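In what follows, a structure is listed as structure tokens, so that the remarks can point back to it.
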Amino acid sequence: MKDLRLMKGNEALAEAAIRAGADAYFGYPITPQSEVIEYLMRENPADRTGMQVLQAESEVAAINMVYGAAGCGKRVLTSSSSPGISLKMEGISYIAGAELPCVVVNVVRAGPGLGTIQPSQSDYFQAVKGGGHGDYKMIVLAPATVQESVDYVKLGFDLAFKYRNPVMILSDGIIGQMMEKVELFEQMERSTEEFEWATVGKKPGKNSVVVTSLQLQSEEQEKVNLRLQAKYREIEKNEVRFETYGCDDAEYLFAAFGSCARITRKAMEMAREKGIRVGLIRPQTLYPFPVDEVNRLASKVKGILTVEMNAGQMVEDVRLAVNGQTRVEFYGRFGGMIPSPDEILKALEQKIIGG
Amino acid sequence: MSEKNIISPENLVYEKTSVMTDRVLHYCPGCGHGTAHRMLAEVIDEMGIQGETIGVAPVGCSVLAYYYFDIDMQEAAHGRAPAVATGIKRVFPDKYVFTYQGDGDLAAIGTAETIHACNRGENILIVFINNGIYGMTGGQMAPTTLPGMKSSTSPRGRDVKTMGNPLKITELIAQLPGTYFVTRQSVHAPANARKAKRALKKAMEYQKLDKGTCFVEIVANCPSGWKMTPAQSNKWMEEHMFPFYPLGDIKVPSE
Ligand SMILES: Cc1ncc(C[n+]2csc(CCOP(=O)(O)OP(=O)(O)O)c2C)c(N)n1
Ligand code: SF4
Ligand SMILES: [Mg+2]
């Protein structure tokens with residue numbers, strides 16, 4: 001029987017973490033994602049599955065607790081929102097450098113600085129281009145629904161362990177706060193697998209295991225970087241995920257992700273009612289970005305409007321993928337403001353069709 | 001004069017513990033880190049917990065501690081070792097978990113992680129090597145640098161008015177209900193090293209009791225950072241460090 005519920009995004013995500021067989025969660029409260037840890041504390045998963053939940057003294061501590069537990073080969077996650085994610089960046093860089101698996105949830109709010117608690121997509125660059133120091137990549141999943149927030153927890157753990165790499169779920173205040181119908185997957189068993197790269201206690205006759213991102217010799221560090229880059233090429237080859245709507249006959253194209261893609265889809269429907277044949281591409285993985293698909297679609301349309309709840313971040317990746325084949329314009333609202341479908345349609349008419 | 005080979009099993013009086021690897025220590029001659037490593041390694045050996053111990057190395061001169069301890073280890077970001085150890089202990093409550101940290105790591109950049117791990121009573125051992133200086137980065141002032149003490153960032157001596165006071169973090173830690181055993185030791189002379197080892201062993205054994213954090217400070221020398229010979233540095237440590245950081249137990253289990 002299907003387990004269908006009406007749930008708030010943050011709470012559904014927390015439930016998904018328990019069901020995905022997570023071993024531990026470490027976090028620090030911040031709006032608009034505090035319901036994740038509140039739900040976990042209320043549910044007390046230690047009783048249900050043995051999953052550990054701890055409120056850390058800061059996001060810095062939380063991500064380093066994630067490092068420690070992930071270094072033991074455990075399924076660990078943390079969640080936060082933008083200012084807290086900035087604090088986690090040091091730890092994320094270390095996790096990427098030490099090649100540990102984990103899931104980091106960012107329920108984005110508007111910045112810079114303390115900004116507002118209202119939803120935003122202004123952490124795209126931070127998530128996709130780095131954020132912490134050094135050449136590293138996170139796999140970035142962008143849910144547009146509460147259902148995807150749930151499904152991406154499971155997918156996130158799978159990808160994190162497949163590539164021994166941090167995975168970020170880049171959500172936002174809309175998806176975190178809204179209630180929606182969601183189908184929960186069944187409780188998974190917590191894994192008892194012991195990985196040869198994890199610190200579980202030295203085995204007799206085996207070398208001791210060291211979890212580190214340190215290489216003193218440049219020659220060795222370059223080898224690490226080359227290995228990481230090879231892994232990222234592999235991820236780019238295998239893990240691109242996206243959805244397209246109305247692209248078969250499209251003369252124009254929208255590009256949008258996450259909650260903004262839902263609003264843009266409405267704008268697309270309104271445009272089609274007016275006889276404007278516009279499609280939409282919604283990247284579900286922001287890294288790896290659907291470069292080939294955007295490139296292919298660009299060759300068929302007269303122009304692309306990228307719509308985001310920020311000052312124009314993903315549009316840079318769209319332009320790189322389009323590679324000059326067609327015009328790419330941007331429309332965005334920011335600071336916690338949410339664009340309406342009317343506004344988006346008008347922007348399409350003015351910037352692309354009439355422009 | 002005839003030479004006699006005295007290296008034979010029946011003459012063996014002192015042996016390197018197998019919990020230490022054969023790698024050559026990178027520490028400067030006379031540095032306290034090496035002895036502290038050895039004491040801790042011997043404790044792990046004697047307790048027979050090599051396969052159940054997970055250590056966390058800091059950022060500092062002992063960043064490569066995992067070269068020397070033949071146990072599973074994780075290398076933490078600067079100051080974050082107590083948080084990393086918390087993550088390990090929470091998923092492996094039955095393993096022995098320790099951090100090994102310098103004063104800059106533990107009492108400056110990592111103060112929050114240190115205090116909160118201790119305040120939660122994380123069931124781990126924290127080994128704190130207090131040499132009053134940033135050894136690794138070339139002898140800058142540490143949170144524990146003594147008043148008037150010279151370093152590359154206090155070239156005229158630490159002026160507490162503008163540079164702040166040395167932090168007695170161990171006394172502070174002892175105030176926290178989460179800590180179970182807090183002690184200050186040294187390893188500069190054989191008798192002290194033996195005492196420090198006993199303290200480390202007690203602290204490691206207490207992890208089985210699940211009573212809270214055990215914290216062992218080792219006041220150590222840094223001949224290079226202090227710009228002294230090893231012998232001078234030990235004398236200076238006795239004359240200046242010990243009066244300010246008195247050796248002995250600060251908090252002992254009540255029963
Ligand atoms: C975030 C960060 N800041 C600064 C440094 C540079 N750094 C490395 S070790 C160190 C100080 C180490 O001193 P201490 O903890 O006292 O250890 P010691 O070398 O004296 O044993 C500093 C400042 C760093 N690696 N990371
Ligand atoms: S710099 Fe100081 S602490 Fe570092 S190895 Fe040399 S003597 Fe030891
Ligand atoms: Mg020091």
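If you're wondering about the labels, chains in the structure tokens are A, B, ... by order shown, residues count from 1 in each chain, ligands from 1 in order shown.
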Give me, as CSV, each residue of chain A that comes within 12 Å of ligand 1, together with its shortest interatomic pair and the distance in Å at one decimal, counting only C-alpha atoms and all ligand atoms, with rows ordered by chain and rising residue number.
```
residue,atom,partner,partner_atom_place_in_ligand_line,distance
A:Val60,CA,ligand 1,1 (C),11.6
A:Leu87,CA,ligand 1,1 (C),11.9
A:Met89,CA,ligand 1,1 (C),11.5
A:Glu90,CA,ligand 1,1 (C),8.1
A:Gly91,CA,ligand 1,1 (C),10.3
A:Ser93,CA,ligand 1,1 (C),11.7
A:Tyr94,CA,ligand 1,1 (C),11.1
A:Gly132,CA,ligand 1,1 (C),11.6
A:His133,CA,ligand 1,1 (C),10.8
A:Ser213,CA,ligand 1,25 (N),11.9
A:Leu214,CA,ligand 1,25 (N),10.4
```
Would you save the residues from that selection as an mmCIF file, in the first residue's frame, using all heavy atoms?
```cif
data_model
loop_
_atom_site.group_PDB
_atom_site.id
_atom_site.type_symbol
_atom_site.label_atom_id
_atom_site.label_comp_id
_atom_site.auth_asym_id
_atom_site.auth_seq_id
_atom_site.Cartn_x
_atom_site.Cartn_y
_atom_site.Cartn_z
ATOM 1 N N VAL A 60 29.585 24.966 11.978
ATOM 2 C CA VAL A 60 30.973 24.526 11.818
ATOM 3 C C VAL A 60 31.150 23.172 12.508
ATOM 4 O O VAL A 60 31.702 22.226 11.937
ATOM 5 C CB VAL A 60 31.946 25.564 12.423
ATOM 6 C CG1 VAL A 60 33.375 25.059 12.344
ATOM 7 C CG2 VAL A 60 31.816 26.896 11.716
ATOM 8 N N LEU A 87 29.092 28.776 6.701
ATOM 9 C CA LEU A 87 29.956 28.274 7.770
ATOM 10 C C LEU A 87 30.398 26.836 7.517
ATOM 11 O O LEU A 87 31.461 26.418 7.961
ATOM 12 C CB LEU A 87 29.229 28.349 9.112
ATOM 13 C CG LEU A 87 29.203 29.719 9.774
ATOM 14 C CD1 LEU A 87 28.435 29.656 11.076
ATOM 15 C CD2 LEU A 87 30.614 30.230 10.031
ATOM 16 N N MET A 89 31.213 25.572 4.738
ATOM 17 C CA MET A 89 32.015 25.412 3.518
ATOM 18 C C MET A 89 33.415 24.862 3.786
ATOM 19 O O MET A 89 33.941 24.085 3.001
ATOM 20 C CB MET A 89 32.083 26.736 2.759
ATOM 21 C CG MET A 89 30.831 26.996 1.956
ATOM 22 S SD MET A 89 30.613 25.681 0.707
ATOM 23 C CE MET A 89 28.862 25.810 0.377
ATOM 24 N N GLU A 90 34.020 25.274 4.896
ATOM 25 C CA GLU A 90 35.340 24.736 5.222
ATOM 26 C C GLU A 90 35.251 23.206 5.321
ATOM 27 O O GLU A 90 36.029 22.471 4.705
ATOM 28 C CB GLU A 90 35.836 25.308 6.549
ATOM 29 C CG GLU A 90 37.193 24.755 6.972
ATOM 30 C CD GLU A 90 37.476 24.907 8.465
ATOM 31 O OE1 GLU A 90 36.574 24.638 9.287
ATOM 32 O OE2 GLU A 90 38.602 25.288 8.808
ATOM 33 N N GLY A 91 34.262 22.763 6.078
ATOM 34 C CA GLY A 91 34.105 21.325 6.298
ATOM 35 C C GLY A 91 33.775 20.583 5.018
ATOM 36 O O GLY A 91 34.260 19.472 4.786
ATOM 37 N N SER A 93 34.685 21.368 2.030
ATOM 38 C CA SER A 93 35.930 21.245 1.262
ATOM 39 C C SER A 93 36.785 20.091 1.794
ATOM 40 O O SER A 93 37.339 19.302 1.019
ATOM 41 C CB SER A 93 36.706 22.564 1.327
ATOM 42 O OG SER A 93 37.992 22.413 0.776
ATOM 43 N N TYR A 94 36.864 19.966 3.106
ATOM 44 C CA TYR A 94 37.625 18.853 3.701
ATOM 45 C C TYR A 94 36.984 17.507 3.359
ATOM 46 O O TYR A 94 37.677 16.525 3.106
ATOM 47 C CB TYR A 94 37.714 19.006 5.227
ATOM 48 C CG TYR A 94 38.851 19.900 5.691
ATOM 49 C CD1 TYR A 94 38.801 21.279 5.506
ATOM 50 C CD2 TYR A 94 39.978 19.369 6.301
ATOM 51 C CE1 TYR A 94 39.834 22.100 5.928
ATOM 52 C CE2 TYR A 94 41.023 20.195 6.727
ATOM 53 C CZ TYR A 94 40.941 21.554 6.542
ATOM 54 O OH TYR A 94 41.968 22.350 6.956
ATOM 55 N N GLY A 132 33.669 26.513 -0.885
ATOM 56 C CA GLY A 132 34.863 26.302 -0.073
ATOM 57 C C GLY A 132 36.095 26.409 -0.955
ATOM 58 O O GLY A 132 36.004 26.694 -2.152
ATOM 59 N N HIS A 133 37.260 26.179 -0.351
ATOM 60 C CA HIS A 133 38.509 26.353 -1.090
ATOM 61 C C HIS A 133 38.908 25.093 -1.858
ATOM 62 O O HIS A 133 38.539 23.987 -1.477
ATOM 63 C CB HIS A 133 39.630 26.753 -0.128
ATOM 64 C CG HIS A 133 39.828 25.766 0.987
ATOM 65 N ND1 HIS A 133 38.971 25.667 2.050
ATOM 66 C CD2 HIS A 133 40.772 24.815 1.176
ATOM 67 C CE1 HIS A 133 39.382 24.712 2.857
ATOM 68 N NE2 HIS A 133 40.472 24.167 2.350
ATOM 69 N N SER A 213 42.773 14.911 4.066
ATOM 70 C CA SER A 213 42.821 15.621 2.787
ATOM 71 C C SER A 213 44.188 16.261 2.605
ATOM 72 O O SER A 213 44.375 17.107 1.755
ATOM 73 C CB SER A 213 41.723 16.701 2.746
ATOM 74 O OG SER A 213 41.922 17.628 3.790
ATOM 75 N N LEU A 214 45.151 15.844 3.447
ATOM 76 C CA LEU A 214 46.472 16.481 3.444
ATOM 77 C C LEU A 214 47.475 15.712 2.587
ATOM 78 O O LEU A 214 47.598 14.503 2.717
ATOM 79 C CB LEU A 214 47.015 16.556 4.884
ATOM 80 C CG LEU A 214 48.457 17.022 5.067
ATOM 81 C CD1 LEU A 214 48.584 18.509 4.785
ATOM 82 C CD2 LEU A 214 48.967 16.697 6.451
#
```
Using only C-alpha atoms and all ligand atoms, find each protein or nucleic acid residue lying at most 8 Å from ligand 2; present the set as a PyMOL selection string. chain B and resi 26-33+60-62+131+133-139+221-226
Hey, can you spit out that residue selection with C-alpha atoms as a tab-separated table (two decimals), in the first residue's frame?
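New file out-v6.tsv:
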```
chain	number	residue	atom	x	y	z
B	26	HIS	CA	59.49	14.63	11.73
B	27	TYR	CA	59.52	16.56	15.00
B	28	CYS	CA	62.46	18.79	15.89
B	29	PRO	CA	65.09	17.27	18.19
B	30	GLY	CA	63.95	17.40	21.81
B	31	CYS	CA	60.34	18.27	20.97
B	32	GLY	CA	57.69	17.14	23.45
B	33	HIS	CA	55.35	15.75	20.79
B	60	GLY	CA	49.58	21.85	13.95
B	61	CYS	CA	52.96	20.16	14.21
B	62	SER	CA	51.19	16.89	15.00
B	131	ASN	CA	53.70	24.43	24.23
B	133	ILE	CA	53.31	28.71	20.81
B	134	TYR	CA	52.26	27.98	17.23
B	135	GLY	CA	55.03	25.54	16.43
B	136	MET	CA	53.95	24.54	12.98
B	137	THR	CA	53.56	27.96	11.44
B	138	GLY	CA	56.89	29.19	12.74
B	139	GLY	CA	56.52	30.35	16.31
B	221	ASN	CA	58.46	22.36	25.04
B	222	CYS	CA	58.95	23.72	21.55
B	223	PRO	CA	62.68	24.28	21.27
B	224	SER	CA	62.41	25.62	17.72
B	225	GLY	CA	59.59	28.04	18.43
B	226	TRP	CA	61.13	29.15	21.68
```
Shell of 8 Å around stretch 195-198 of chain B, only C-alpha atoms, local chain residues under 6 positions omitted, as a list in words: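 Answer for this query is Met39, Leu40, Val43, Gln185, Ser186, Val187 and Ile218 of chain B.
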Residues from the last selection, N, CA, C and O atoms, saved as a compact mmCIF listing (two decimals), in the first residue's frame:
```
# COMPACT_ATOMS: atom_id res chain seq x y z
N MET B 39 53.93 7.83 24.81
CA MET B 39 53.18 7.48 26.02
C MET B 39 51.78 7.01 25.65
O MET B 39 51.28 6.01 26.16
N LEU B 40 51.16 7.74 24.75
CA LEU B 40 49.79 7.40 24.35
C LEU B 40 49.76 6.06 23.61
O LEU B 40 48.89 5.22 23.85
N VAL B 43 50.01 3.23 25.99
CA VAL B 43 48.73 3.02 26.69
C VAL B 43 47.80 2.16 25.82
O VAL B 43 47.20 1.19 26.29
N GLN B 185 49.87 17.45 32.93
CA GLN B 185 51.07 16.64 33.08
C GLN B 185 52.20 17.21 32.22
O GLN B 185 52.01 18.18 31.50
N SER B 186 53.36 16.60 32.31
CA SER B 186 54.44 16.92 31.38
C SER B 186 55.20 15.63 31.06
O SER B 186 55.01 14.63 31.75
N VAL B 187 56.00 15.69 30.02
CA VAL B 187 56.73 14.47 29.62
C VAL B 187 58.23 14.75 29.45
O VAL B 187 58.94 14.00 28.81
N ILE B 218 49.20 18.24 28.41
CA ILE B 218 50.63 17.98 28.58
C ILE B 218 51.36 19.28 28.27
O ILE B 218 51.34 19.74 27.12
```
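Distance annotation: of A:Ile30, A:Ala62, A:Val167, A:Val104, the residue with the minimal separation from chain B is A:Ala62; atom set is only C-alpha atoms.
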Could you give me, as a tab-separated table, every chain B residue with an atom at most 8 Å from chain A, plus its closest atom pair and distance in Å to one decimal, counting only C-alpha atoms, rows ordered by chain then number?
```
residue	atom	partner	partner_atom	distance
B:Gln50	CA	A:Lys202	CA	6.6
B:Gly51	CA	A:Lys202	CA	4.4
B:Glu52	CA	A:Gly201	CA	4.8
B:Thr53	CA	A:Gly201	CA	5.7
B:Ile54	CA	A:Gly201	CA	6.1
B:Tyr66	CA	A:Val210	CA	6.9
B:Asp70	CA	A:Ser208	CA	6.0
B:Ile71	CA	A:Ser208	CA	5.2
B:Asp72	CA	A:Val209	CA	4.6
B:Met73	CA	A:Val210	CA	4.9
B:Gln74	CA	A:Val211	CA	4.5
B:Glu75	CA	A:Thr212	CA	4.9
B:Ala76	CA	A:Thr212	CA	7.5
B:Ala77	CA	A:Tyr94	CA	7.2
B:Arg80	CA	A:Asn64	CA	6.5
B:Ala81	CA	A:Asn64	CA	7.9
B:Ala83	CA	A:Met65	CA	5.0
B:Val84	CA	A:Gly68	CA	4.2
B:Ala85	CA	A:Gly68	CA	6.1
B:Thr86	CA	A:Met65	CA	5.9
B:Gly87	CA	A:Met65	CA	4.0
B:Ile88	CA	A:Ala69	CA	4.7
B:Lys89	CA	A:Ala69	CA	8.0
B:Arg90	CA	A:Gln52	CA	6.9
B:Val91	CA	A:Ala69	CA	6.2
B:Lys95	CA	A:Gly201	CA	7.8
B:Ala112	CA	A:Glu57	CA	7.7
B:Glu113	CA	A:Ala61	CA	6.4
B:His116	CA	A:Glu57	CA	6.7
```
DSSP strand (DSSP E) residues within stretch 91-318 of chain A, listed as JSON, numbers by chain: {"A": [102, 103, 104, 105, 106, 107, 108, 139, 140, 141, 166, 167, 168, 169, 170, 171, 172, 179, 180, 181, 182, 183, 184, 210, 211, 242, 243, 244, 245, 252, 253, 254, 255, 278, 279, 280, 281, 282, 283, 285, 286, 287, 303, 304, 305, 306, 307, 308]}
I need the residue nearest B:Thr183 from this list: B:Pro143, B:Gly102, B:Pro246, B:Gly55. Use only C-alpha atoms for the distance.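 Smallest distance to B:Thr183 is found for B:Pro246.
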Pick from B:Ile169, B:Val182, B:Ile44, B:Ile124, whichever lies nearest to B:Val19 using only C-alpha atoms: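 Using only C-alpha atoms, the shortest distance to B:Val19 belongs to B:Ile44.
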